[in-house]
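Asker: Quick one: this structure, given as structure tokens, is what I'll be asking you about.
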Amino acid sequence: MATVHLRIGDLVWGKLGRYPPWPGKIVSPPKDLKKPRGKKCHFVKFFGTEDHAWIKVEQLKPYHAHKEEMIKINKGKRFQQAVDAVEDFLKKAKGKEQNSDAKGDSKGKKTANKPLKILEEDDEDLSALKDPSEKPVKDDPHFHHFLLSQSEKPASSMEPISKRLKIIEEVTGSTSIQAADSTAINGSITPTDKRIGFLGLGLMGSGIVSNLLKMGHVVTVWNRTAEKCDLFIQEGARLGRTPAEVASMCDITFSCVSDPKAARDLVLGPSGVLQGIRPGKCYIEMSTVDPETITELSQVITSRGGRFLEAPVAGSQQLSNDGMLVILAAGDRTVYEDCSSCFQAMGKTSFFLGEAGNAARMMLILNMVQGSFMATIAEGLTLAQATGQSQQTFLDILCQGQMASTFVDQKCQNILQGNFKPDYYLKHIQKDLRLAISMGDMANHPTPMAAAANEVYKRAKALDQSDNDISAVYRAYIH
């Protein structure tokens with residue numbers, strides 16, 4: 001992109017890392033967030049997302065001059081929503097301008113426009129150009145992650161949070177925001193120099209490893225079925241013969257397997273991770289398991305002098321491939337910080353939730369909601385058919401209402417097309433429902449909706465749908 005001279009308040013197209021050009025607005029950065037040294041860039045707030053980033057000047061184009069060009073080359077619902085957000089912003093700004101002019105005319109006064117300083121490429125002090133109508137982004141030294149901590153009372157430094165997060169701190173103070181944004185500050189990812197190990201190349205793990213390699217990380221892989229490693233070896237990964245060997249060779253070892261038993265076996269079994277753990281080695285459990293399993297793994301890893309973090313991910317195979325997962329982390333915070341470039345490569349957002357076990361609890365709750373919702377959608381589609389209503393019309397109406405989402409659209413289309421290729425295994429969502437129900441029992445909290453959904457998924461499994469996508473729960477209603 002050509003170098004341009006821009007100023008705070010200008011609308012632009014900004015290119016961030018591997019993502020396509022996106023509409024945004026140049027804004028004032030937080031006071032404590034310094035411009036990267038040696039880089040001529042502007043601080044941009046992107047429309048249609050919660051992202052902010054420093055963007056190099058050569059990666060920026062004026063919005064209006066390049067609007068038609070960008071709309072032609074970029075497609076997708078999220079992109080269109082971002083463009084719509086820009087247009088809404090422009091309409092509101094125009095309306096305010098007209099109202100201001102009308103007031104000025106009625107008073108018979110003319111107000112001269114204050115000239116704005118043009119932002120030169122080598123300007124270091126952006127604060128001098130601050131638009132008084134623009135609320136600054138919340139001050140934050142980390143800025144590119146959501147960091148949540150669990151405590152009895154929120155620390156005073158965490159009290160005010162930006163409204164743009166749409167997260168409200170509860171009176172109990174059990175959850176507080178310390179930092180916010182999913183985007184790498186420099187607009188690109190600088191891979192850690194630590195050696196990365198990865199165990200488990202299933203639906204999620206394969207996409208994660210691929211993105212780690214693409215972003216320049218040094219990765220050693222292992223999988224129970226060794227043939228799955230071949231593709232990644234061709235992409236530059238190294239091969240580990242056993243989990244113990246990977247853990248001993250690498251500084252940070254990730255694991256992403258199917259269930260609690262597989263997670264325990266990987267660590268505690270023959271030639272398991274525990275045999276390769278030495279003081280200072282890091283182990284990160286990304287599998288969706290119960291809090292008790294996390295506690296056990298954390299204890300055995302740390303007993304050998306290792307450092308432990310849990311980091312289950314919310315998403316699907318497609319989101320994993322796209323590097324757009326949501327990472328929920330808990331445990332050793334220094335490990336979380338050491339893994340910053342890894343989490344940026346594999347996900348769009350990461351949350352730190354405090355002590356080990358909290359991420360497992362949150363992940364099970366999220367998957368409980370998703371599984372129950374999917375079963376309800378399948379029930380609605382089959383009821384529509386049973387009562388003589390068009391399933392396609394049902395979907396069209398659904399996607400125009402408050403429940404409209406990419407998830408609903410994709411899963412319903414899969415059902416109508418009879419395409420149940422797994423994006424998230426049905427057997428895994430049933431496992432998550434079972435674990436969530438058990439967690440509710442331990443907390444003496446009722447989970448009747450999840451229990452009902454669990455029975456539907458169990459029926460789908462009995463109909464041989466375990467290895468199909470979660471949308472195959474539909475078949476439980478038609479057989």
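Ordering of the structure tokens sets the chain letters (A, B, ...); residue numbers start at 1 within each chain; ligands are numbered from 1 in the order shown.
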So that I can check the surroundings of Lys45 of chain A, please list as a list in words every protein, DNA and RNA residue that reaches within 9 Å of it, counting only C-alpha atoms and ignoring chain neighbours fewer than 6 positions away.

Answerer: Pro23, Gly24, Lys25, Ile26, Val27, Asp51, His52, Ala53 and Val137 of chain A

Asker: Need the shell around Gly276 of chain A: protein/DNA/RNA residues with any atom at most 6 Å away, counting only C-alpha atoms. Skip same-chain ones fewer than 2 positions apart. Format as JSON, numbers by chain?

Answerer: {"A": [244, 247, 248, 273, 274]}

Asker: Would you pick out the contacts of Val246 of chain A at 10 Å or less, using only C-alpha atoms, so that residues sharing its chain but fewer than 4 positions from it are not included, and give the list as a ChimeraX atom specification?

Answerer: /A:195-199,219-222,238-242,250-254,272-273,276-277
